[in-house]
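Participant: Contents of protein28.pdb (PDB, C-alpha atoms and all ligand atoms):
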ATOM      1  CA  MET S   1     -27.259 -10.874 -12.215
ATOM      2  CA  GLN S   2     -26.679  -9.343 -15.619
ATOM      3  CA  ILE S   3     -23.182  -8.953 -17.103
ATOM      4  CA  VAL S   4     -22.613  -6.290 -19.741
ATOM      5  CA  ARG S   5     -19.458  -5.502 -21.684
ATOM      6  CA  THR S   6     -20.317  -2.267 -23.505
ATOM      7  CA  ALA S   7     -21.412   1.244 -22.582
ATOM      8  CA  ALA S   8     -24.514   0.863 -24.757
ATOM      9  CA  GLU S   9     -25.570  -2.328 -22.951
ATOM     10  CA  LEU S  10     -24.898  -0.656 -19.619
ATOM     11  CA  ARG S  11     -27.052   2.340 -20.532
ATOM     12  CA  ALA S  12     -29.896   0.057 -21.632
ATOM     13  CA  ALA S  13     -29.650  -2.052 -18.483
ATOM     14  CA  LEU S  14     -29.770   1.041 -16.262
ATOM     15  CA  ALA S  15     -32.616   2.837 -18.055
ATOM     16  CA  GLY S  16     -35.111   3.880 -15.398
ATOM     17  CA  ALA S  17     -32.754   3.243 -12.473
ATOM     18  CA  THR S  18     -33.329   5.891  -9.813
ATOM     19  CA  ARG S  19     -30.843   5.145  -7.023
ATOM     20  CA  THR S  20     -27.930   3.197  -8.431
ATOM     21  CA  ALA S  21     -25.211   2.165  -5.983
ATOM     22  CA  PHE S  22     -21.846   1.573  -7.631
ATOM     23  CA  VAL S  23     -18.765  -0.418  -6.607
ATOM     24  CA  PRO S  24     -15.833   0.104  -8.998
ATOM     25  CA  THR S  25     -13.220  -2.657  -8.911
ATOM     26  CA  MET S  26     -10.340  -4.088 -10.898
ATOM     27  CA  GLY S  27     -11.566  -7.628 -10.289
ATOM     28  CA  ASN S  28      -9.762 -10.534  -8.613
ATOM     29  CA  LEU S  29     -12.305 -10.026  -5.898
ATOM     30  CA  HIS S  30     -11.924 -11.032  -2.254
ATOM     31  CA  ALA S  31     -14.077 -10.744   0.849
ATOM     32  CA  GLY S  32     -13.189  -7.044   1.126
ATOM     33  CA  HIS S  33     -14.875  -6.339  -2.218
ATOM     34  CA  VAL S  34     -17.858  -8.480  -1.231
ATOM     35  CA  SER S  35     -18.261  -6.331   1.894
ATOM     36  CA  LEU S  36     -18.310  -3.215  -0.329
ATOM     37  CA  VAL S  37     -21.119  -4.751  -2.398
ATOM     38  CA  GLU S  38     -23.027  -5.538   0.786
ATOM     39  CA  LEU S  39     -22.509  -1.937   1.904
ATOM     40  CA  ALA S  40     -23.697  -0.684  -1.489
ATOM     41  CA  LYS S  41     -26.898  -2.736  -1.131
ATOM     42  CA  ARG S  42     -27.735  -0.736   1.991
ATOM     43  CA  HIS S  43     -27.445   2.527   0.047
ATOM     44  CA  GLY S  44     -29.195   1.958  -3.254
ATOM     45  CA  THR S  45     -30.545  -0.306  -5.927
ATOM     46  CA  PRO S  46     -29.621  -1.598  -8.415
ATOM     47  CA  VAL S  47     -26.096  -2.404  -7.259
ATOM     48  CA  VAL S  48     -23.629  -2.145 -10.130
ATOM     49  CA  ALA S  49     -20.033  -3.375  -9.913
ATOM     50  CA  SER S  50     -17.444  -2.639 -12.569
ATOM     51  CA  ILE S  51     -14.504  -4.895 -13.307
ATOM     52  CA  PHE S  52     -11.818  -3.161 -15.301
ATOM     53  CA  VAL S  53      -8.053  -3.361 -14.961
ATOM     54  CA  ASN S  54      -7.278   0.235 -15.848
ATOM     55  CA  PRO S  55      -4.010   0.577 -17.790
ATOM     56  CA  LEU S  56      -3.928   4.323 -17.136
ATOM     57  CA  GLN S  57      -3.224   3.887 -13.426
ATOM     58  CA  PHE S  58      -0.266   1.506 -13.866
ATOM     59  CA  GLY S  59       3.190   2.940 -14.450
ATOM     60  CA  ALA S  60       5.857   1.472 -16.705
ATOM     61  CA  GLY S  61       7.236  -1.685 -15.108
ATOM     62  CA  GLU S  62       4.253  -2.075 -12.766
ATOM     63  CA  ASP S  63       1.987  -5.129 -12.641
ATOM     64  CA  PHE S  64      -0.641  -4.255 -15.303
ATOM     65  CA  GLU S  65       0.136  -7.361 -17.390
ATOM     66  CA  ARG S  66       0.303  -9.796 -14.495
ATOM     67  CA  TYR S  67      -2.674  -8.329 -12.584
ATOM     68  CA  PRO S  68      -4.978 -11.358 -12.160
ATOM     69  CA  ARG S  69      -7.986 -11.426 -14.515
ATOM     70  CA  THR S  70     -10.576 -13.749 -12.942
ATOM     71  CA  LEU S  71     -13.879 -12.606 -14.464
ATOM     72  CA  ASP S  72     -15.844 -15.858 -14.061
ATOM     73  CA  ALA S  73     -14.907 -16.312 -10.406
ATOM     74  CA  ASP S  74     -15.513 -12.602  -9.760
ATOM     75  CA  CYS S  75     -18.999 -12.751 -11.273
ATOM     76  CA  GLY S  76     -19.799 -15.784  -9.102
ATOM     77  CA  LYS S  77     -18.823 -13.818  -5.983
ATOM     78  CA  LEU S  78     -20.740 -10.725  -7.048
ATOM     79  CA  ASP S  79     -23.846 -12.760  -7.850
ATOM     80  CA  ALA S  80     -23.695 -14.468  -4.451
ATOM     81  CA  ALA S  81     -23.270 -11.062  -2.764
ATOM     82  CA  GLY S  82     -26.468  -9.765  -4.370
ATOM     83  CA  CYS S  83     -24.965  -7.535  -7.052
ATOM     84  CA  ASP S  84     -27.494  -6.782  -9.809
ATOM     85  CA  LEU S  85     -25.294  -5.776 -12.723
ATOM     86  CA  VAL S  86     -21.632  -6.167 -13.672
ATOM     87  CA  PHE S  87     -19.989  -3.814 -16.141
ATOM     88  CA  ALA S  88     -16.855  -5.500 -17.483
ATOM     89  CA  PRO S  89     -15.592  -3.478 -20.438
ATOM     90  CA  ASP S  90     -12.388  -4.196 -22.302
ATOM     91  CA  VAL S  91      -9.691  -1.560 -22.825
ATOM     92  CA  ALA S  92     -11.001  -0.607 -26.284
ATOM     93  CA  GLU S  93     -14.469  -0.004 -24.847
ATOM     94  CA  MET S  94     -13.166   2.265 -22.095
ATOM     95  CA  TYR S  95     -10.525   3.963 -24.222
ATOM     96  CA  PRO S  96     -11.753   3.885 -27.843
ATOM     97  CA  VAL S  97      -9.303   6.709 -28.538
ATOM     98  CA  PRO S  98      -6.133   7.497 -26.568
ATOM     99  CA  GLN S  99      -7.177   9.266 -23.359
ATOM    100  CA  THR S 100      -5.507  12.632 -23.891
ATOM    101  CA  TYR S 101      -7.848  14.503 -21.518
ATOM    102  CA  LEU S 102      -6.954  13.545 -17.943
ATOM    103  CA  VAL S 103      -8.399  14.340 -14.539
ATOM    104  CA  GLN S 104      -5.311  15.511 -12.670
ATOM    105  CA  PRO S 105      -5.455  15.693  -8.866
ATOM    106  CA  PRO S 106      -3.439  18.538  -7.341
ATOM    107  CA  ASP S 107       0.302  17.898  -6.975
ATOM    108  CA  ALA S 108       0.114  17.982  -3.179
ATOM    109  CA  LEU S 109      -2.077  14.885  -3.279
ATOM    110  CA  ALA S 110      -1.008  13.283  -6.565
ATOM    111  CA  ASN S 111       2.727  13.369  -5.824
ATOM    112  CA  ASP S 112       2.643  12.525  -2.136
ATOM    113  CA  LEU S 113       2.673   9.163  -0.299
ATOM    114  CA  CYS S 114       1.768   6.492  -2.903
ATOM    115  CA  GLY S 115       1.793   9.144  -5.631
ATOM    116  CA  ALA S 116       5.440   9.927  -4.908
ATOM    117  CA  HIS S 117       6.285   6.321  -5.766
ATOM    118  CA  ARG S 118       3.719   5.814  -8.543
ATOM    119  CA  PRO S 119       3.907   8.863 -10.834
ATOM    120  CA  GLY S 120       0.642   9.355 -12.741
ATOM    121  CA  HIS S 121      -1.217   6.754 -10.706
ATOM    122  CA  PHE S 122      -3.811   9.048  -9.169
ATOM    123  CA  ALA S 123      -4.450  10.880 -12.439
ATOM    124  CA  GLY S 124      -5.128   7.428 -13.934
ATOM    125  CA  VAL S 125      -7.490   6.570 -11.090
ATOM    126  CA  ALA S 126      -9.288   9.932 -11.153
ATOM    127  CA  THR S 127      -9.684   9.745 -14.924
ATOM    128  CA  VAL S 128     -11.118   6.225 -15.053
ATOM    129  CA  VAL S 129     -13.378   6.832 -12.052
ATOM    130  CA  THR S 130     -14.731   9.989 -13.729
ATOM    131  CA  LYS S 131     -15.420   7.986 -16.887
ATOM    132  CA  LEU S 132     -17.065   5.194 -14.896
ATOM    133  CA  PHE S 133     -19.186   7.733 -12.991
ATOM    134  CA  ASN S 134     -20.325   9.224 -16.307
ATOM    135  CA  LEU S 135     -21.182   5.788 -17.677
ATOM    136  CA  VAL S 136     -22.931   4.368 -14.600
ATOM    137  CA  GLN S 137     -24.351   7.685 -13.280
ATOM    138  CA  PRO S 138     -24.614   6.348  -9.749
ATOM    139  CA  HIS S 139     -26.271   8.072  -6.814
ATOM    140  CA  VAL S 140     -23.904   6.373  -4.397
ATOM    141  CA  ALA S 141     -20.398   4.980  -4.967
ATOM    142  CA  VAL S 142     -18.542   2.786  -2.494
ATOM    143  CA  PHE S 143     -14.755   2.745  -2.085
ATOM    144  CA  GLY S 144     -12.607   0.830   0.384
ATOM    145  CA  LYS S 145     -10.648   2.649   3.080
ATOM    146  CA  LYS S 146      -7.695   0.388   2.370
ATOM    147  CA  ASP S 147      -6.884   2.729  -0.522
ATOM    148  CA  PHE S 148      -7.064   5.695   1.824
ATOM    149  CA  GLN S 149      -5.342   8.181  -0.474
ATOM    150  CA  GLN S 150      -7.509   7.075  -3.401
ATOM    151  CA  LEU S 151     -10.599   7.707  -1.259
ATOM    152  CA  ARG S 152      -9.334  11.261  -0.554
ATOM    153  CA  VAL S 153      -8.758  11.843  -4.274
ATOM    154  CA  ILE S 154     -12.268  10.616  -5.146
ATOM    155  CA  ARG S 155     -13.962  12.644  -2.408
ATOM    156  CA  ASP S 156     -12.183  15.825  -3.572
ATOM    157  CA  LEU S 157     -12.948  15.047  -7.214
ATOM    158  CA  VAL S 158     -16.660  14.635  -6.504
ATOM    159  CA  ALA S 159     -16.787  17.789  -4.370
ATOM    160  CA  GLN S 160     -14.786  20.024  -6.715
ATOM    161  CA  PHE S 161     -16.636  18.917  -9.871
ATOM    162  CA  ASN S 162     -20.051  19.087  -8.135
ATOM    163  CA  LEU S 163     -20.793  15.485  -9.038
ATOM    164  CA  PRO S 164     -24.158  14.461  -7.563
ATOM    165  CA  ILE S 165     -22.722  11.280  -6.068
ATOM    166  CA  GLU S 166     -22.562  10.280  -2.419
ATOM    167  CA  ILE S 167     -19.248   8.614  -1.591
ATOM    168  CA  VAL S 168     -19.458   5.869   1.017
ATOM    169  CA  ALA S 169     -16.290   4.398   2.570
ATOM    170  CA  GLY S 170     -16.035   0.709   3.461
ATOM    171  CA  ASP S 171     -13.787  -0.532   6.254
ATOM    172  CA  THR S 172     -10.708  -2.607   5.450
ATOM    173  CA  LEU S 173     -11.185  -6.325   5.930
ATOM    174  CA  ARG S 174      -8.246  -8.227   7.404
ATOM    175  CA  GLU S 175      -6.941 -11.753   7.474
ATOM    176  CA  PRO S 176      -6.765 -13.337  10.968
ATOM    177  CA  ASP S 177      -3.124 -12.206  11.342
ATOM    178  CA  GLY S 178      -4.031  -8.601  10.505
ATOM    179  CA  LEU S 179      -2.928  -8.484   6.864
ATOM    180  CA  ALA S 180      -5.261  -6.181   4.932
ATOM    181  CA  MET S 181      -7.150  -8.080   2.235
ATOM    182  CA  SER S 182      -5.866  -7.110  -1.181
ATOM    183  CA  SER S 183      -5.905  -8.579  -4.660
ATOM    184  CA  ARG S 184      -2.112  -8.248  -4.613
ATOM    185  CA  ASN S 185      -1.803 -10.669  -1.665
ATOM    186  CA  ALA S 186      -2.163 -13.378  -4.329
ATOM    187  CA  TYR S 187       1.349 -12.506  -5.520
ATOM    188  CA  LEU S 188       2.949 -13.440  -2.177
ATOM    189  CA  SER S 189       4.925 -16.676  -1.843
ATOM    190  CA  ALA S 190       4.084 -18.887   1.149
ATOM    191  CA  ALA S 191       7.058 -17.470   3.069
ATOM    192  CA  GLU S 192       6.174 -13.883   2.152
ATOM    193  CA  ARG S 193       2.567 -14.448   3.160
ATOM    194  CA  ILE S 194       3.724 -15.412   6.674
ATOM    195  CA  GLN S 195       5.807 -12.230   6.830
ATOM    196  CA  ALA S 196       3.213  -9.947   5.228
ATOM    197  CA  ALA S 197       1.343  -9.055   8.430
ATOM    198  CA  GLN S 198       4.489  -7.255   9.641
ATOM    199  CA  LEU S 199       3.288  -4.181   7.740
ATOM    200  CA  TYR S 200       0.020  -4.148   9.692
ATOM    201  CA  ARG S 201       1.880  -4.743  12.962
ATOM    202  CA  ALA S 202       4.346  -1.922  12.277
ATOM    203  CA  LEU S 203       1.495   0.533  11.635
ATOM    204  CA  ALA S 204      -0.438  -0.794  14.637
ATOM    205  CA  GLU S 205       2.562  -0.070  16.877
ATOM    206  CA  VAL S 206       2.615   3.533  15.675
ATOM    207  CA  LYS S 207      -1.140   3.842  16.238
ATOM    208  CA  THR S 208      -0.887   2.380  19.745
ATOM    209  CA  ALA S 209       1.978   4.710  20.657
ATOM    210  CA  ILE S 210       0.031   7.771  19.476
ATOM    211  CA  GLU S 211      -3.063   6.659  21.358
ATOM    212  CA  ALA S 212      -0.845   6.328  24.430
ATOM    213  CA  GLY S 213       0.155   9.990  24.042
ATOM    214  CA  GLU S 214       3.377   9.816  21.968
ATOM    215  CA  ARG S 215       3.603  12.983  19.871
ATOM    216  CA  ASP S 216       6.823  12.613  17.895
ATOM    217  CA  PHE S 217       5.106  11.249  14.781
ATOM    218  CA  GLU S 218       8.252  11.538  12.684
ATOM    219  CA  ALA S 219      10.247   9.378  15.113
ATOM    220  CA  LEU S 220       7.475   6.768  15.309
ATOM    221  CA  ALA S 221       7.212   6.520  11.529
ATOM    222  CA  THR S 222      11.003   6.324  11.148
ATOM    223  CA  ARG S 223      11.207   3.566  13.746
ATOM    224  CA  ALA S 224       8.423   1.575  12.043
ATOM    225  CA  ALA S 225      10.135   1.922   8.657
ATOM    226  CA  ARG S 226      13.463   0.835  10.179
ATOM    227  CA  CYS S 227      11.863  -2.289  11.713
ATOM    228  CA  LEU S 228      10.341  -3.236   8.368
ATOM    229  CA  LYS S 229      13.669  -2.693   6.575
ATOM    230  CA  MET S 230      15.444  -4.875   9.121
ATOM    231  CA  ALA S 231      12.876  -7.600   8.420
ATOM    232  CA  GLY S 232      13.725  -7.434   4.699
ATOM    233  CA  TRP S 233      11.092  -5.039   3.376
ATOM    234  CA  ARG S 234      11.795  -2.238   0.902
ATOM    235  CA  VAL S 235       9.852   0.641   2.389
ATOM    236  CA  ASP S 236       8.267   3.340   0.206
ATOM    237  CA  TYR S 237       6.972   5.252   3.215
ATOM    238  CA  VAL S 238       5.483   5.119   6.681
ATOM    239  CA  ALA S 239       3.749   8.370   7.622
ATOM    240  CA  VAL S 240       1.378   9.873  10.162
ATOM    241  CA  ARG S 241      -1.005  12.342   8.560
ATOM    242  CA  ASP S 242      -4.161  14.358   9.061
ATOM    243  CA  ALA S 243      -6.871  11.792   8.303
ATOM    244  CA  ALA S 244      -9.119  14.360   6.624
ATOM    245  CA  THR S 245      -6.611  16.062   4.318
ATOM    246  CA  LEU S 246      -3.590  13.726   4.302
ATOM    247  CA  ALA S 247      -1.446  16.800   4.958
ATOM    248  CA  ALA S 248       1.066  16.970   7.812
ATOM    249  CA  PRO S 249      -0.866  16.741  11.079
ATOM    250  CA  ALA S 250      -2.113  19.957  12.634
ATOM    251  CA  PRO S 251      -2.508  19.931  16.435
ATOM    252  CA  GLY S 252      -5.660  18.095  17.515
ATOM    253  CA  CYS S 253      -6.574  16.726  14.074
ATOM    254  CA  ARG S 254      -7.768  13.175  13.480
ATOM    255  CA  LEU S 255      -4.795  11.061  12.468
ATOM    256  CA  VAL S 256      -4.109   8.166  10.155
ATOM    257  CA  VAL S 257      -0.968   6.032   9.965
ATOM    258  CA  LEU S 258      -0.179   4.975   6.415
ATOM    259  CA  GLY S 259       2.449   2.711   4.941
ATOM    260  CA  ALA S 260       3.544   1.159   1.665
ATOM    261  CA  ALA S 261       6.332  -1.354   1.348
ATOM    262  CA  TRP S 262       7.615  -4.110  -0.886
ATOM    263  CA  LEU S 263       7.985  -7.717   0.081
ATOM    264  CA  GLY S 264      10.009  -9.195  -2.758
ATOM    265  CA  ALA S 265       8.190  -8.170  -5.957
ATOM    266  CA  THR S 266       4.914  -7.331  -4.219
ATOM    267  CA  ARG S 267       4.003  -3.833  -3.082
ATOM    268  CA  LEU S 268       1.550  -3.772  -0.174
ATOM    269  CA  ILE S 269      -0.228  -0.772   1.323
ATOM    270  CA  ASP S 270      -2.140  -0.383   4.554
ATOM    271  CA  ASN S 271      -3.383   2.274   6.931
ATOM    272  CA  LEU S 272      -4.901   2.591  10.387
ATOM    273  CA  GLU S 273      -6.984   5.468  11.644
ATOM    274  CA  VAL S 274      -5.994   6.614  15.108
ATOM    275  CA  ASP S 275      -8.944   6.390  17.484
ATOM    276  CA  ALA S 276      -8.109   9.008  20.044
ATOM    277  CA  PRO S 277      -6.774  12.493  19.378
ATOM    278  CA  PRO S 278      -3.155  12.927  20.463
ATOM    279  CA  ALA S 279      -2.842  13.573  24.172
ATOM    280  CA  PRO S 280      -2.580  17.308  25.058
TER     281      PRO S 280
HETATM  282  O1  LIG S 301      -9.430   0.591  -6.206
HETATM  283  C1  LIG S 301      -9.439   0.090  -7.361
HETATM  284  O2  LIG S 301      -9.648  -1.101  -7.527
HETATM  285  C2  LIG S 301      -9.200   0.983  -8.560
HETATM  286  O3  LIG S 301      -8.244   1.950  -8.288
HETATM  287  C3  LIG S 301     -10.498   1.630  -9.113
HETATM  288  C4  LIG S 301     -11.134   2.573  -8.114
HETATM  289  C5  LIG S 301     -11.480   0.542  -9.503
HETATM  290  C6  LIG S 301     -10.166   2.455 -10.371
HETATM  291  O4  LIG S 301      -9.584   1.660 -11.355
END
Would you mind giving the structure from this file in structure tokens?

Facilitator:
Amino acid sequence: MQIVRTAAELRAALAGATRTAFVPTMGNLHAGHVSLVELAKRHGTPVVASIFVNPLQFGAGEDFERYPRTLDADCGKLDAAGCDLVFAPDVAEMYPVPQTYLVQPPDALANDLCGAHRPGHFAGVATVVTKLFNLVQPHVAVFGKKDFQQLRVIRDLVAQFNLPIEIVAGDTLREPDGLAMSSRNAYLSAAERIQAAQLYRALAEVKTAIEAGERDFEALATRAARCLKMAGWRVDYVAVRDAATLAAPAPGCRLVVLGAAWLGATRLIDNLEVDAPPAP
């Protein structure tokens, strides 16, 4: 596996590539990322992973500085997973001049759910992903469903800018107690880690109730948020949405239950797609 740090090295390494499959990451990789690389291998070759902690998608006071940088361990995992090339630029390589041109998702998406609590986050994501797409020029790009709203933003970005890139979604991997794998789980204390699966369980209860025919989505989400608050969480949101658009559910649409909440200083997100349509 080759590791490159600059755009010029990346371009040289990819000369002649015809069906590049790309997995963008911020590093501190876990089994969920490895599964995305394995998925990418089924869709193209070479498989390129990027590792870049993107300052543009972190707000003031967020965890940009403390976000774990574990390049050597990450490269070991990527190599073992069969990744061919790692692009690990530094901030000056990605942003040689201040990034004054931004890719701004529409307000309805950018300022909703996670965006309502992380102003500018999705513009930061859309901008860096556009830059990475231009640098890597992949045929296929793989994103995890754990960042469900991010996946929506990327799919819309690719469609509306006519980017010739197929977006493939990878399922969320979970710990045995249901906690979604996330780089941010590393922040949890031992006691918080025991509690952390409560977010998954709260969303799972909403999903189960909907699959059993419950139709008052608002009440279900409010009850789930209340349970989390009583257990000591600070809840950003629990919501039931149209899984395709993330808008308020229209009758008969596919649904997704999403949540974001803080356990101490750690913000966790999760989501569960609802299997059955709501009962008539
Ligand atoms: O999902 C992530 O790790 C990041 O948001 C991404 C897509 C690599 C952009 O920085």

Participant: Please identify all polymer residues lying at most 9 Å from the point (-0.8, 9.6, 8.6) (file coordinates), using all atoms listed in the file, and present the result as a PyMOL selection string.

Facilitator: chain S and resi 217+238-243+246-249+255-259+271-274

Participant: Between atom CA of S:His43 and atom CA of S:Lys145, measure the distance and give it in Å to one decimal.

Facilitator: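 These two atoms are separated by 17.1 Å.
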
Participant: Given the file shown, determine the residues that the PyMOL selection byres (((not hetatm)) within 7 of (chain S and resi 301)) selects; report them as an NGL selection string.

Facilitator: :S and (24-26 or 52-54 or 125 or 128-129 or 147)

Participant: Give me, please, the distance in Å between atom CA of S:Ala73 and atom CA of S:Ser189, quoted to one decimal.

Facilitator: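 That distance, rounded to one decimal, is 21.6 Å.
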
Participant: May I have the residues within 12 Å of S:Arg174 as a list in words, using only C-alpha atoms and disregarding those fewer than 4 positions away in the same chain?

Facilitator: His30, Ala31, Gly32, His33, Ser35, Lys145, Lys146, Gly178, Leu179, Ala180, Met181, Ser182, Asn185, Ala196, Ala197, Tyr200, Asp270, Asn271 and Leu272 of chain S

Participant: Neighbouring residues of stretch 16-19 of chain S were defined as those with any atom within 12 Å, considering all atoms listed in the file; residues of the same chain fewer than 3 positions away were excluded. Please report them as a PDB file with C-alpha atoms, keeping the file's coordinate frame.

Facilitator:
ATOM      1  CA  LEU S  10     -24.898  -0.656 -19.619  1.00  0.00           C
ATOM      2  CA  ARG S  11     -27.052   2.340 -20.532  1.00  0.00           C
ATOM      3  CA  ALA S  12     -29.896   0.057 -21.632  1.00  0.00           C
ATOM      4  CA  ALA S  13     -29.650  -2.052 -18.483  1.00  0.00           C
ATOM      5  CA  PHE S  22     -21.846   1.573  -7.631  1.00  0.00           C
ATOM      6  CA  ALA S  40     -23.697  -0.684  -1.489  1.00  0.00           C
ATOM      7  CA  LYS S  41     -26.898  -2.736  -1.131  1.00  0.00           C
ATOM      8  CA  ARG S  42     -27.735  -0.736   1.991  1.00  0.00           C
ATOM      9  CA  HIS S  43     -27.445   2.527   0.047  1.00  0.00           C
ATOM     10  CA  GLY S  44     -29.195   1.958  -3.254  1.00  0.00           C
ATOM     11  CA  THR S  45     -30.545  -0.306  -5.927  1.00  0.00           C
ATOM     12  CA  PRO S  46     -29.621  -1.598  -8.415  1.00  0.00           C
ATOM     13  CA  VAL S  47     -26.096  -2.404  -7.259  1.00  0.00           C
ATOM     14  CA  VAL S  48     -23.629  -2.145 -10.130  1.00  0.00           C
ATOM     15  CA  ASP S  84     -27.494  -6.782  -9.809  1.00  0.00           C
ATOM     16  CA  LEU S  85     -25.294  -5.776 -12.723  1.00  0.00           C
ATOM     17  CA  VAL S 136     -22.931   4.368 -14.600  1.00  0.00           C
ATOM     18  CA  GLN S 137     -24.351   7.685 -13.280  1.00  0.00           C
ATOM     19  CA  PRO S 138     -24.614   6.348  -9.749  1.00  0.00           C
ATOM     20  CA  HIS S 139     -26.271   8.072  -6.814  1.00  0.00           C
ATOM     21  CA  VAL S 140     -23.904   6.373  -4.397  1.00  0.00           C
ATOM     22  CA  ALA S 141     -20.398   4.980  -4.967  1.00  0.00           C
ATOM     23  CA  PRO S 164     -24.158  14.461  -7.563  1.00  0.00           C
ATOM     24  CA  ILE S 165     -22.722  11.280  -6.068  1.00  0.00           C
ATOM     25  CA  GLU S 166     -22.562  10.280  -2.419  1.00  0.00           C
TER      26      GLU S 166
END

Participant: Which one is closest to S:Ile210: S:Trp262, S:Arg254, S:Glu62, S:Pro96? Count all atoms listed in the file.

Facilitator: S:Arg254

Participant: What gap, in Å, lies between atom CA of S:Leu113 and atom CA of S:Val235?

Facilitator: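 So the answer is 11.5 Å.
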
Participant: I'd like to know which of S:Ala186, S:Ala224, S:Val86, S:Ala231 is closest to S:Glu205, using all atoms listed in the file.

Facilitator: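 Residue with the minimum atom-to-atom distance to S:Glu205: S:Ala224.
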
Participant: Which residues are close to S:Gly264, i.e. within 9 Å by all atoms listed in the file, leaving aside same-chain residues fewer than 5 positions away? Reply as number ranges by chain.

Facilitator: S: 188, 192, 232-234

Participant: Decode the PyMOL selection byres (((chain S and resi 123) around 9) and not hetatm) for the given file into explicit residues and return them as an MDAnalysis selection string.

Facilitator: chainID S and resid 56:57 102:105 110 119:122 124:128

Participant: Between S:Cys227, S:Val34, S:Leu29, S:Pro98, which is the closest to S:Pro55 once you count all atoms listed in the file?

Facilitator: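 Ranking S:Cys227, S:Val34, S:Leu29, S:Pro98 by distance to S:Pro55, first place goes to S:Pro98.
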
Participant: Could you tell me which of S:Ala225, S:Cys75, S:Leu39, S:Ala60 comes closest to S:Gln2 if we count only C-alpha atoms?

Facilitator: S:Cys75

Participant: Between S:Arg155, S:Arg5, S:Arg223, S:Lys229, single out the one closest to S:Ala244, counting all atoms listed in the file.

Facilitator: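 Among the listed residues, the smallest separation from S:Ala244 belongs to S:Arg155.
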
Participant: Which one is closest to S:Gln99: S:Phe161, S:Lys131, S:Arg152, S:Asp216? Count all atoms listed in the file.

Facilitator: S:Lys131

Participant: Complete stretch 80-84 of chain S with all heavy atoms (output as a PDB file, in the coordinates of the input).

Facilitator:
ATOM      1  N   ALA S  80     -23.377 -13.963  -5.803  1.00  0.00           N
ATOM      2  CA  ALA S  80     -23.695 -14.468  -4.451  1.00  0.00           C
ATOM      3  C   ALA S  80     -23.878 -13.321  -3.462  1.00  0.00           C
ATOM      4  O   ALA S  80     -24.663 -13.431  -2.510  1.00  0.00           O
ATOM      5  CB  ALA S  80     -22.582 -15.397  -3.973  1.00  0.00           C
ATOM      6  N   ALA S  81     -23.173 -12.202  -3.691  1.00  0.00           N
ATOM      7  CA  ALA S  81     -23.270 -11.062  -2.764  1.00  0.00           C
ATOM      8  C   ALA S  81     -24.515 -10.216  -3.025  1.00  0.00           C
ATOM      9  O   ALA S  81     -24.782  -9.280  -2.293  1.00  0.00           O
ATOM     10  CB  ALA S  81     -22.015 -10.198  -2.884  1.00  0.00           C
ATOM     11  N   GLY S  82     -25.235 -10.510  -4.107  1.00  0.00           N
ATOM     12  CA  GLY S  82     -26.468  -9.765  -4.370  1.00  0.00           C
ATOM     13  C   GLY S  82     -26.278  -8.587  -5.307  1.00  0.00           C
ATOM     14  O   GLY S  82     -27.137  -7.702  -5.383  1.00  0.00           O
ATOM     15  N   CYS S  83     -25.176  -8.577  -6.037  1.00  0.00           N
ATOM     16  CA  CYS S  83     -24.965  -7.535  -7.052  1.00  0.00           C
ATOM     17  C   CYS S  83     -25.974  -7.752  -8.193  1.00  0.00           C
ATOM     18  O   CYS S  83     -26.300  -8.890  -8.535  1.00  0.00           O
ATOM     19  CB  CYS S  83     -23.532  -7.653  -7.570  1.00  0.00           C
ATOM     20  SG  CYS S  83     -23.103  -6.448  -8.807  1.00  0.00           S
ATOM     21  N   ASP S  84     -26.477  -6.654  -8.756  1.00  0.00           N
ATOM     22  CA  ASP S  84     -27.494  -6.782  -9.809  1.00  0.00           C
ATOM     23  C   ASP S  84     -26.894  -6.768 -11.207  1.00  0.00           C
ATOM     24  O   ASP S  84     -27.405  -7.424 -12.112  1.00  0.00           O
ATOM     25  CB  ASP S  84     -28.500  -5.621  -9.689  1.00  0.00           C
ATOM     26  CG  ASP S  84     -29.212  -5.645  -8.356  1.00  0.00           C
ATOM     27  OD1 ASP S  84     -29.932  -6.620  -8.090  1.00  0.00           O
ATOM     28  OD2 ASP S  84     -29.014  -4.701  -7.554  1.00  0.00           O
TER      29      ASP S  84
END
